[in-house]
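Here's final.csv, which has CSV, C-alpha atoms and all ligand atoms:
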```
chain,number,residue,atom,x,y,z
K,1,MET,CA,104.1,117.4,113.8
K,2,GLY,CA,104.1,121.1,114.8
K,3,ASN,CA,104.8,121.9,111.1
K,4,LEU,CA,101.9,119.8,109.9
K,5,LEU,CA,99.5,121.3,112.5
K,6,GLU,CA,100.6,124.8,111.4
K,7,HIS,CA,100.1,123.8,107.8
K,8,MET,CA,96.5,122.9,108.7
K,9,GLY,CA,96.0,126.2,110.4
K,10,ILE,CA,96.8,125.7,114.0
K,11,GLU,CA,99.1,128.4,115.3
K,12,LYS,CA,102.6,127.1,116.0
K,13,GLN,CA,102.7,128.9,119.4
K,14,ARG,CA,100.1,126.4,120.7
K,15,LEU,CA,102.4,123.4,120.6
K,16,HIS,CA,105.6,123.3,122.6
K,17,PHE,CA,108.2,120.7,123.0
K,18,SER,CA,110.6,120.4,125.9
K,19,TRP,CA,112.8,117.9,127.7
K,20,ILE,CA,112.6,118.4,131.5
K,21,SER,CA,114.1,116.1,134.0
K,22,SER,CA,112.2,115.5,137.3
K,23,ALA,CA,115.0,117.3,139.1
K,24,GLU,CA,114.6,120.4,137.0
K,25,ALA,CA,111.8,122.2,138.9
K,26,THR,CA,112.8,125.7,137.9
K,27,LYS,CA,113.0,124.7,134.2
K,28,PHE,CA,109.6,123.3,134.5
K,29,VAL,CA,108.2,126.5,135.9
K,30,ASN,CA,109.9,128.6,133.3
K,31,VAL,CA,108.6,126.4,130.4
K,32,ALA,CA,105.1,126.4,131.9
K,33,LYS,CA,105.2,130.2,132.0
K,34,GLU,CA,106.5,130.5,128.5
K,35,VAL,CA,103.8,128.2,127.2
K,36,THR,CA,101.0,130.0,128.9
K,37,ASN,CA,102.3,133.4,127.8
K,38,ALA,CA,102.7,132.2,124.2
K,39,VAL,CA,99.1,130.8,124.2
K,40,ARG,CA,97.6,133.8,125.9
K,41,ALA,CA,99.1,136.1,123.3
K,42,LEU,CA,96.9,134.4,120.7
K,43,GLU,CA,93.2,134.8,120.1
K,44,PRO,CA,91.1,132.2,122.0
K,45,ASN,CA,91.2,128.9,120.1
K,46,ASN,CA,88.0,127.8,118.3
K,47,LYS,CA,89.6,125.2,116.1
K,48,PHE,CA,89.5,121.5,116.8
K,49,VAL,CA,86.7,122.2,119.2
K,50,LYS,CA,83.8,119.8,119.0
K,51,THR,CA,80.4,121.0,120.1
K,52,LEU,CA,78.3,118.2,121.5
K,53,ASP,CA,74.5,118.5,121.2
E,1,MET,CA,98.4,93.4,73.7
E,2,ASN,CA,101.2,95.8,74.5
E,3,LYS,CA,104.8,94.7,75.0
E,4,LEU,CA,104.8,95.3,78.7
E,5,THR,CA,101.8,93.1,79.3
E,6,GLN,CA,103.4,90.4,77.2
E,7,ASN,CA,106.6,90.6,79.1
E,8,ILE,CA,104.8,90.6,82.5
E,9,ARG,CA,102.9,87.5,81.5
E,10,GLU,CA,106.0,85.7,80.3
E,11,LEU,CA,108.1,86.6,83.4
E,12,SER,CA,105.3,85.6,85.8
E,13,SER,CA,104.6,82.3,84.1
E,14,ASN,CA,108.3,81.5,84.2
E,15,LEU,CA,108.5,82.2,87.9
E,16,LEU,CA,105.5,79.9,88.6
E,17,LYS,CA,106.8,77.3,86.2
E,18,ASN,CA,110.2,77.1,87.9
E,19,ASN,CA,108.5,77.1,91.3
E,20,LYS,CA,110.4,80.2,92.2
E,21,VAL,CA,107.2,81.7,93.8
E,22,ASP,CA,103.9,80.6,95.0
E,23,MET,CA,102.0,83.4,93.5
E,24,VAL,CA,102.5,86.5,91.4
E,25,ILE,CA,100.6,89.7,92.3
E,26,GLY,CA,99.7,92.0,89.4
E,27,PHE,CA,96.7,93.6,87.7
E,28,LYS,CA,93.9,92.2,85.6
E,29,LYS,CA,91.3,94.0,83.5
E,30,GLY,CA,88.4,95.4,85.4
E,31,THR,CA,84.8,95.2,84.6
E,32,ILE,CA,84.4,98.7,83.1
E,33,PRO,CA,86.7,100.6,80.7
E,34,MET,CA,89.9,101.9,82.3
E,35,ALA,CA,89.3,99.9,85.5
E,36,VAL,CA,91.9,97.3,86.6
E,37,SER,CA,91.8,95.1,89.6
E,38,PRO,CA,94.7,93.6,91.6
E,39,MET,CA,95.0,89.8,91.3
E,40,ALA,CA,97.2,87.0,92.4
E,41,ALA,CA,98.1,84.4,89.9
E,42,HIS,CA,98.7,81.0,91.4
E,43,ASN,CA,99.2,79.1,88.2
E,44,ILE,CA,100.5,79.6,84.7
E,45,GLU,CA,96.9,79.7,83.3
E,46,GLN,CA,96.1,82.7,85.5
E,47,THR,CA,99.1,84.7,84.4
E,48,LYS,CA,97.3,85.1,81.0
E,49,GLU,CA,94.9,87.5,82.7
E,50,PHE,CA,97.7,89.9,83.7
E,51,ILE,CA,97.7,93.3,82.0
E,52,TRP,CA,99.6,96.5,82.3
E,53,ASP,CA,98.7,100.0,81.1
E,54,SER,CA,98.5,103.5,82.5
E,55,ASN,CA,95.5,102.7,84.7
E,56,CYS,CA,97.5,100.5,87.0
E,57,GLY,CA,97.9,103.3,89.5
E,58,ILE,CA,96.9,101.5,92.7
E,59,ASN,CA,99.8,100.4,94.8
E,60,LEU,CA,100.4,96.6,94.9
E,61,ALA,CA,102.7,96.8,97.9
E,62,ASN,CA,99.4,96.9,99.9
E,63,PHE,CA,98.9,93.2,99.3
E,64,ILE,CA,102.2,91.7,100.6
E,65,SER,CA,101.9,92.6,104.3
E,66,ASP,CA,102.9,89.6,106.5
E,67,LYS,CA,102.6,87.2,103.7
E,68,LYS,CA,104.3,83.9,104.4
E,69,GLU,CA,104.4,82.5,100.9
E,70,LYS,CA,107.0,83.3,98.3
E,71,ILE,CA,105.6,86.1,96.3
E,72,GLY,CA,106.3,87.6,92.8
E,73,ILE,CA,105.1,91.1,92.5
E,74,ILE,CA,104.9,93.6,89.6
E,75,ALA,CA,106.2,96.9,90.8
E,76,LYS,CA,106.4,100.3,89.2
E,77,GLY,CA,108.6,103.0,90.8
E,78,CYS,CA,106.3,103.9,93.7
E,79,ASP,CA,105.2,100.3,94.5
E,80,SER,CA,108.9,99.4,94.7
E,81,ARG,CA,109.5,102.2,97.2
E,82,ASN,CA,106.6,101.0,99.3
E,83,ILE,CA,108.1,97.4,99.1
E,84,VAL,CA,111.3,98.9,100.5
E,85,THR,CA,109.4,100.5,103.3
E,86,HIS,CA,107.7,97.2,104.0
E,87,ILE,CA,111.0,95.4,104.2
E,88,THR,CA,112.6,98.0,106.5
E,89,GLU,CA,109.5,97.9,108.7
E,90,ASN,CA,109.6,94.1,108.9
E,91,LYS,CA,106.3,93.5,107.1
E,92,ILE,CA,107.9,91.1,104.7
E,93,SER,CA,111.4,89.8,104.2
E,94,ARG,CA,113.4,90.5,101.0
E,95,ASP,CA,114.0,86.8,100.4
E,96,LYS,CA,110.2,86.1,100.2
E,97,LEU,CA,110.0,88.5,97.3
E,98,HIS,CA,110.7,88.3,93.6
E,99,ILE,CA,110.2,91.8,92.2
E,100,ILE,CA,109.4,92.3,88.6
E,101,GLY,CA,110.1,96.0,88.1
E,102,VAL,CA,108.2,98.1,85.7
E,103,PRO,CA,109.7,101.4,84.7
E,104,CYS,CA,106.8,103.8,84.6
E,105,THR,CA,105.9,106.9,82.5
E,106,GLY,CA,103.0,107.9,84.7
E,107,MET,CA,99.5,106.9,85.4
E,108,ILE,CA,96.3,108.4,84.1
E,109,ASP,CA,94.0,110.7,86.1
E,110,LYS,CA,90.7,109.1,85.1
E,111,ILE,CA,88.6,111.9,86.5
E,112,LYS,CA,90.4,114.5,84.4
E,113,LEU,CA,90.1,112.3,81.4
E,114,GLN,CA,86.4,111.7,81.8
E,115,SER,CA,85.8,115.5,82.2
E,116,ASN,CA,86.7,115.7,78.5
E,117,PHE,CA,83.6,113.7,77.5
E,118,ASN,CA,79.9,114.4,77.9
E,119,ASP,CA,79.0,110.7,78.2
E,120,ASP,CA,80.8,107.7,79.7
E,121,ILE,CA,84.0,106.5,78.3
E,122,THR,CA,83.4,103.1,76.6
E,123,ASP,CA,86.8,102.2,75.3
E,124,TYR,CA,90.3,103.0,76.1
E,125,SER,CA,93.6,102.0,74.5
E,126,GLU,CA,97.2,103.1,74.4
E,127,ASN,CA,99.7,103.4,71.8
E,128,GLY,CA,103.0,104.4,73.3
E,129,GLU,CA,102.5,107.8,74.9
E,130,ASP,CA,99.2,108.4,73.0
E,131,ILE,CA,95.9,107.3,74.3
E,132,ILE,CA,92.8,106.6,72.3
E,133,VAL,CA,89.6,107.1,74.2
E,134,LYS,CA,86.1,106.5,72.9
E,135,SER,CA,82.7,107.4,74.4
E,136,GLY,CA,79.3,106.7,72.9
E,137,LEU,CA,79.5,110.0,71.0
E,138,ILE,CA,83.0,110.6,70.1
E,139,GLU,CA,86.5,109.2,69.7
E,140,LYS,CA,89.6,111.2,70.8
E,141,ASN,CA,93.3,110.8,70.3
E,142,LEU,CA,95.0,112.4,73.3
E,143,LYS,CA,98.5,112.7,74.8
E,144,LYS,CA,99.0,110.7,77.9
E,145,SER,CA,101.2,113.4,79.4
E,146,ASP,CA,98.3,115.9,79.5
E,147,TYR,CA,96.3,113.5,81.7
E,148,LEU,CA,98.8,112.3,84.3
E,149,LYS,CA,97.8,111.9,87.9
E,150,SER,CA,99.1,114.9,89.9
E,151,ASN,CA,101.5,112.7,91.9
E,152,CYS,CA,103.0,111.3,88.7
E,153,LYS,CA,103.7,114.8,87.4
E,154,THR,CA,106.1,115.4,90.3
E,155,CYS,CA,107.4,111.8,90.6
E,156,MET,CA,111.2,111.6,90.8
E,157,HIS,CA,111.5,107.8,90.9
E,158,ARG,CA,109.7,106.4,87.9
E,159,ASN,CA,112.2,103.5,87.8
E,160,PRO,CA,111.8,100.8,90.4
E,161,VAL,CA,114.4,101.3,93.2
E,162,ILE,CA,114.6,97.6,93.9
E,163,TYR,CA,113.9,94.6,91.5
E,164,ASP,CA,115.0,91.1,90.6
E,165,GLU,CA,114.3,91.6,86.9
E,166,LEU,CA,112.8,94.2,84.7
E,167,ALA,CA,109.8,94.0,82.3
E,168,ALA,CA,111.1,96.8,80.2
E,169,GLU,CA,114.1,99.2,79.7
E,170,LEU,CA,114.6,101.8,82.4
E,171,VAL,CA,113.1,105.2,81.6
E,172,GLN,CA,114.5,108.7,81.9
E,173,GLU,CA,113.7,110.3,85.3
E,174,GLN,CA,111.8,113.6,85.1
E,175,LYS,CA,113.5,116.9,85.8
E,176,ILE,CA,111.1,119.0,87.8
E,177,GLU,CA,111.6,122.6,88.4
E,178,ASP,CA,109.8,123.0,91.6
E,179,GLN,CA,108.7,119.7,93.1
E,180,PHE,CA,106.7,121.3,96.0
E,181,ALA,CA,104.9,124.1,94.3
E,182,ASP,CA,101.6,122.8,95.5
E,183,VAL,CA,102.7,122.6,99.1
E,184,LYS,CA,104.3,126.1,99.0
E,185,LYS,CA,101.0,127.5,97.8
E,186,ILE,CA,99.3,126.3,100.9
E,187,GLU,CA,102.2,127.4,103.1
E,188,SER,CA,101.9,130.9,101.8
E,189,LEU,CA,98.3,131.3,103.1
E,190,SER,CA,97.5,133.0,106.3
E,191,ILE,CA,96.8,130.8,109.3
E,192,GLU,CA,93.0,131.3,109.0
E,193,ASP,CA,93.1,130.6,105.2
E,194,LYS,CA,95.0,127.4,105.8
E,195,TRP,CA,92.4,126.2,108.3
E,196,ASN,CA,89.6,127.1,105.8
E,197,TYR,CA,91.5,125.4,103.0
E,198,PHE,CA,91.5,122.1,104.7
E,199,ASP,CA,87.9,122.6,105.9
E,200,ASN,CA,86.9,123.0,102.3
E,201,LEU,CA,89.1,120.1,101.2
E,202,LEU,CA,87.4,117.7,103.6
E,203,LYS,CA,83.8,119.0,103.2
E,204,ASP,CA,82.7,116.0,101.1
E,205,CYS,CA,84.6,113.3,103.1
E,206,ILE,CA,82.2,110.5,104.0
E,207,ARG,CA,84.8,108.7,106.1
E,208,CYS,CA,84.6,105.6,104.0
E,209,TYR,CA,88.3,105.0,104.8
E,210,ALA,CA,89.1,104.0,101.3
E,211,CYS,CA,92.1,106.3,101.4
E,212,LYS,CA,93.6,104.5,104.3
E,213,ASN,CA,92.7,101.1,103.0
E,214,ALA,CA,94.3,101.7,99.7
E,215,CYS,CA,97.5,102.8,101.4
E,216,PRO,CA,100.3,100.2,101.8
E,217,LEU,CA,101.5,102.1,104.9
E,218,CYS,CA,98.2,101.5,106.8
E,219,TYR,CA,98.7,97.9,107.8
E,220,CYS,CA,97.9,97.9,111.5
E,221,PRO,CA,95.4,95.1,112.3
E,222,SER,CA,93.4,97.6,114.3
E,223,CYS,CA,93.5,101.2,113.3
E,224,PHE,CA,93.1,104.0,115.8
E,225,VAL,CA,90.0,105.2,114.1
E,226,ASN,CA,88.3,101.9,114.8
E,227,GLU,CA,89.2,101.6,118.4
E,228,SER,CA,86.5,102.2,121.0
E,229,ASN,CA,88.3,101.7,124.2
E,230,PRO,CA,89.9,104.2,124.4
E,231,GLN,CA,88.1,106.0,121.6
E,232,TRP,CA,90.8,108.3,120.1
E,233,VAL,CA,88.5,110.0,117.7
E,234,GLY,CA,84.7,110.3,117.3
E,235,LYS,CA,83.2,108.1,114.7
E,236,GLY,CA,80.5,110.4,113.2
E,237,GLN,CA,80.5,113.1,110.5
E,238,ASP,CA,81.5,115.8,112.9
E,239,LYS,CA,83.9,118.2,111.2
E,240,THR,CA,86.4,118.1,114.0
E,241,ASP,CA,86.5,114.3,114.0
E,242,ILE,CA,86.9,114.2,110.2
E,243,LYS,CA,89.9,116.6,110.4
E,244,THR,CA,91.4,114.7,113.4
E,245,PHE,CA,91.2,111.5,111.4
E,246,HIS,CA,92.9,113.0,108.4
E,247,PHE,CA,95.6,114.8,110.5
E,248,LEU,CA,96.5,111.6,112.3
E,249,ARG,CA,96.3,109.3,109.2
E,250,ALA,CA,98.7,111.7,107.5
E,251,TYR,CA,101.0,111.9,110.5
E,252,HIS,CA,101.2,108.1,110.6
E,253,CYS,CA,102.7,108.3,107.1
E,254,ALA,CA,105.4,110.8,108.1
E,255,GLY,CA,108.7,109.8,106.5
E,256,ARG,CA,107.0,106.8,104.9
E,257,CYS,CA,104.7,108.2,102.3
E,258,THR,CA,106.0,107.7,98.8
E,259,ASP,CA,103.4,109.9,97.1
E,260,CYS,CA,102.1,106.9,95.1
E,261,GLY,CA,98.6,108.6,95.0
E,262,ALA,CA,96.7,105.4,95.8
E,263,CYS,CA,94.8,107.2,98.5
E,264,VAL,CA,93.6,109.9,96.2
E,265,GLN,CA,92.8,107.4,93.4
E,266,ALA,CA,90.7,105.3,95.9
E,267,CYS,CA,88.7,108.3,97.2
E,268,PRO,CA,85.1,108.2,95.9
E,269,MET,CA,84.7,111.9,96.7
E,270,ASN,CA,87.8,113.0,94.7
E,271,ILE,CA,89.5,114.5,97.7
E,272,ASN,CA,93.2,115.3,97.3
E,273,VAL,CA,94.3,113.9,100.7
E,274,ARG,CA,97.9,114.2,99.5
E,275,ASP,CA,97.6,117.8,100.6
E,276,PHE,CA,98.4,116.5,104.0
E,277,THR,CA,101.1,114.0,103.2
E,278,ARG,CA,102.9,116.2,100.7
E,279,LYS,CA,103.7,118.6,103.5
E,280,LEU,CA,105.3,115.8,105.4
E,281,ILE,CA,107.3,114.7,102.3
E,282,LYS,CA,108.5,118.2,101.9
E,283,ASP,CA,109.6,118.6,105.5
E,284,SER,CA,111.3,115.2,105.5
E,285,TYR,CA,113.2,116.2,102.5
E,286,GLU,CA,114.1,119.7,103.5
E,287,ILE,CA,114.9,119.1,107.2
E,288,TYR,CA,116.4,115.6,107.0
E,289,GLY,CA,117.3,115.1,103.3
E,290,TRP,CA,115.0,112.0,103.4
E,291,GLU,CA,113.0,110.4,100.7
E,292,ALA,CA,111.0,107.3,101.7
E,293,GLY,CA,111.6,103.9,100.5
E,294,LEU,CA,114.9,104.3,98.6
E,295,ASP,CA,117.2,102.0,100.5
E,296,ILE,CA,116.6,98.7,102.4
E,297,THR,CA,119.6,99.2,104.5
E,298,LYS,CA,118.4,102.5,106.1
E,299,ARG,CA,116.1,102.5,109.1
E,300,PRO,CA,112.8,104.5,108.7
E,301,LEU,CA,113.2,108.3,109.3
E,302,LEU,CA,111.3,108.4,112.6
E,303,ASP,CA,113.3,105.5,113.9
E,304,THR,CA,116.7,107.1,113.7
E,305,PHE,CA,118.4,110.1,115.1
E,306,SER,CA,121.6,111.9,114.3
E,307,LEU,CA,123.4,114.5,116.4
E,308,LYS,CA,123.0,116.8,113.4
E,309,ASP,CA,119.2,116.6,113.6
E,310,ASP,CA,117.5,120.0,114.0
E,311,ASP,CA,116.4,120.4,117.6
E,312,SER,CA,115.5,124.0,117.5
E,313,PHE,CA,111.9,123.3,118.3
E,314,ILE,CA,112.8,121.7,121.7
E,315,LYS,CA,113.1,124.1,124.7
K,401,LIG,S1,88.6,108.0,100.7
K,401,LIG,FE1,87.9,110.1,100.6
K,401,LIG,S2,85.7,110.1,101.4
K,401,LIG,FE2,86.7,108.2,102.0
K,401,LIG,S3,87.6,108.6,104.1
K,401,LIG,FE3,89.2,109.0,102.6
K,401,LIG,S4,89.1,111.2,102.1
K,401,LIG,FE4,87.1,110.6,103.1
K,402,LIG,S1,99.5,108.1,102.0
K,402,LIG,FE1,98.7,108.0,99.9
K,402,LIG,S2,100.4,108.6,98.6
K,402,LIG,FE2,101.3,108.2,100.6
K,402,LIG,S3,101.9,106.0,100.5
K,402,LIG,FE3,99.8,106.0,101.3
K,402,LIG,S4,98.5,105.8,99.5
K,402,LIG,FE4,100.5,106.4,98.8
```
Structure translated into structure tokens:
Amino acid sequence: MGNLLEHMGIEKQRLHFSWISSAEATKFVNVAKEVTNAVRALEPNNKFVKTLD
Amino acid sequence: MNKLTQNIRELSSNLLKNNKVDMVIGFKKGTIPMAVSPMAAHNIEQTKEFIWDSNCGINLANFISDKKEKIGIIAKGCDSRNIVTHITENKISRDKLHIIGVPCTGMIDKIKLQSNFNDDITDYSENGEDIIVKSGLIEKNLKKSDYLKSNCKTCMHRNPVIYDELAAELVQEQKIEDQFADVKKIESLSIEDKWNYFDNLLKDCIRCYACKNACPLCYCPSCFVNESNPQWVGKGQDKTDIKTFHFLRAYHCAGRCTDCGACVQACPMNINVRDFTRKLIKDSYEIYGWEAGLDITKRPLLDTFSLKDDDSFIK
């Protein structure tokens, strides 16, 4: 799915996959940080954004 | 009448005569030159309408979903692979089917052929690998191999992968140097250019859904695009909605698409929607060594896992 999105022009760094158990709070925090950092490093997204009028 | 047509009629009428099946699904001549339409023959008389030529590109596996009757079906390579997919996905059981296999040497790209003529094609016939095409102004003798549909050019399974009997001798499979050259071309673009490539690809899409309706994989009674509660995707002509539809339609075909090209052939706007599914075919092949619809004993790709599967994308 990530590959197809990238093929269509959505940066790979915007989609992350992880497996986190409900007991793994620290892992959750780390992954959340990683995801936000990865996304912040990109330009703001303007793809797949629908403007309603 | 060509030999294949003759054999198909004979085999089908035998099936019906011996009560082996309740109907045989095949093609009959359409109402304009080069058009064919799918038909089901319920009696021997009707089998006389069956034809076979290089215009039979539509995928007949589309017509067997959930059928309860015993069915005979004419299947070229790609149809047979979609039949396998139907069997593994429990849309039909193997013992309900009698498959008449047709080894295939490729189907014609009508749009490419028509572009050779200034006026409408009025007559079309075949002689082996040559095609004789007439329009009001001119008659041309052409080589079929120059006018193949693009999916047929890269087809690696021209022979049916499953059948009960054959309507002709098996053919030589193609040797293709680079099966995925088209996908690689898109892969080599920058992220912005990829986005624009697909924007441009879909600019004419009118959301008629012919592509999904022609596809044997799209058999859900209610498609996500039609649902309104919840509404997964907007129903209008908004660019974002069009792209969302195509992205999801393609993804639903992941590990299942046989590259039969029925979707492209059905599109009235001549959009190569295979640009989406081809990427999935390439990934399935390269990452999992998987080609759809080759073996009825194998579960679908997204239905299985192995400890060897690549999991580098999971944190
Ligand atoms: S058949 Fe063509 S025009 Fe119709 S929805 Fe599919 S891509 Fe769009
Ligand atoms: S997506 Fe298109 S090429 Fe793939 S199986 Fe469906 S109709 Fe055939």
Counting all atoms listed in the file, which residues from chain K have an atom at most 8 Å from any atom of chain E, and could you show them as a VMD selection string? chain K and resid 1 4 to 11 16 to 19 31 48 to 50
With C-alpha atoms kept, could you save the residues just selected as a compact mmCIF listing (two decimals), in the coordinates of the input?
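Below you can see selection.txt, which holds the result:
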```
# COMPACT_ATOMS: atom_id res chain seq x y z
CA MET K 1 104.10 117.40 113.80
CA LEU K 4 101.90 119.80 109.90
CA LEU K 5 99.50 121.30 112.50
CA GLU K 6 100.60 124.80 111.40
CA HIS K 7 100.10 123.80 107.80
CA MET K 8 96.50 122.90 108.70
CA GLY K 9 96.00 126.20 110.40
CA ILE K 10 96.80 125.70 114.00
CA GLU K 11 99.10 128.40 115.30
CA HIS K 16 105.60 123.30 122.60
CA PHE K 17 108.20 120.70 123.00
CA SER K 18 110.60 120.40 125.90
CA TRP K 19 112.80 117.90 127.70
CA VAL K 31 108.60 126.40 130.40
CA PHE K 48 89.50 121.50 116.80
CA VAL K 49 86.70 122.20 119.20
CA LYS K 50 83.80 119.80 119.00
```
Let me have all residues with an atom within 6 Å of ligand LIG 401 (chain K), counting all atoms listed in the file, laid out as a PyMOL selection string. chain E and resi 205-211+266-269+271
Determine, counting all atoms listed in the file, which protein, DNA and RNA residues have an atom within 9 Å of an atom of stretch 34-40 of chain E; residues of the same chain fewer than 4 positions away are not included. Present the result as number ranges by chain. E: 23-30, 46-47, 49-52, 54-58, 60, 63, 73, 110, 121-125
Between atom CA of E:Glu89 and atom CA of E:His157, what is the distance, to one decimal in Å?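 About the pair atom CA of E:Glu89 and atom CA of E:His157: they are 20.5 Å apart.
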Can you pull out every residue with an atom within 8 Å of ligand LIG 402 (chain K)? Use all atoms listed in the file and format it as a PyMOL selection string. chain E and resi 59+82+151+211-212+214-218+249-250+253+256-264+273-274+277
Point (91.0, 109.8, 75.6), cut-off 8 Å, counting all atoms listed in the file, residues as a list in words: Leu113, Gln114, Asn116, Tyr124, Ile131, Ile132, Val133, Lys134, Glu139, Lys140, Asn141 and Leu142 of chain E
Around stretch 13-21 of chain K, with edges along x, y and z and 5 Å added on all six sides, what centre and edge lengths do you get, in Å to one decimal, as lines of an AutoDock Vina configuration file?
```
center_x = 107.1
center_y = 122.5
center_z = 126.7
size_x = 24.0
size_y = 22.8
size_z = 24.6
```
Using all atoms listed in the file and a cutoff of 9 Å, can you tell me which residues are near (106.0, 94.9, 81.4) in the file's coordinates, and write them out as a list of chain:residue names?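 Residues with an atom close enough to that point: E:Asn2, E:Lys3, E:Leu4, E:Thr5, E:Gln6, E:Asn7, E:Ile8, E:Arg9, E:Leu11, E:Ile51, E:Trp52, E:Asp53, E:Ile74, E:Ile100, E:Gly101, E:Val102, E:Pro103, E:Leu166, E:Ala167, E:Ala168.
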For a test of reading the model, state the distance in Å between atom CA of E:Gln174 and atom CA of E:His86, rounded to one decimal. 25.4 Å
Would you compute the distance between atom CA of E:Thr154 and atom CA of E:Val171? Give it in Å to one decimal.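 We find that atom CA of E:Thr154 and atom CA of E:Val171 lie 15.1 Å from each other.
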Just checking: using only C-alpha atoms, which residue out of E:Ser115, E:Thr297, E:Ser222, E:Asn127 ends up closest to E:Lys144? E:Asn127
With a distance cut-off of 12 Å and all atoms listed in the file, select the neighbouring residues of K:Glu34, excluding the residue or stretch itself and same-chain residues fewer than 3 positions from it, and output the selection as a CSV table (one decimal) with C-alpha atoms, in the frame of the given file.
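So the final result, stored in selection.csv, reads:
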```csv
chain,number,residue,atom,x,y,z
K,13,GLN,CA,102.7,128.9,119.4
K,14,ARG,CA,100.1,126.4,120.7
K,15,LEU,CA,102.4,123.4,120.6
K,16,HIS,CA,105.6,123.3,122.6
K,17,PHE,CA,108.2,120.7,123.0
K,18,SER,CA,110.6,120.4,125.9
K,27,LYS,CA,113.0,124.7,134.2
K,28,PHE,CA,109.6,123.3,134.5
K,29,VAL,CA,108.2,126.5,135.9
K,30,ASN,CA,109.9,128.6,133.3
K,31,VAL,CA,108.6,126.4,130.4
K,37,ASN,CA,102.3,133.4,127.8
K,38,ALA,CA,102.7,132.2,124.2
K,39,VAL,CA,99.1,130.8,124.2
K,40,ARG,CA,97.6,133.8,125.9
K,41,ALA,CA,99.1,136.1,123.3
E,315,LYS,CA,113.1,124.1,124.7
```
Closest to E:Leu170 among E:Asn270, E:Thr105, E:Thr31, E:Gln265, using only C-alpha atoms?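 For E:Leu170, the nearest of the given residues is E:Thr105.
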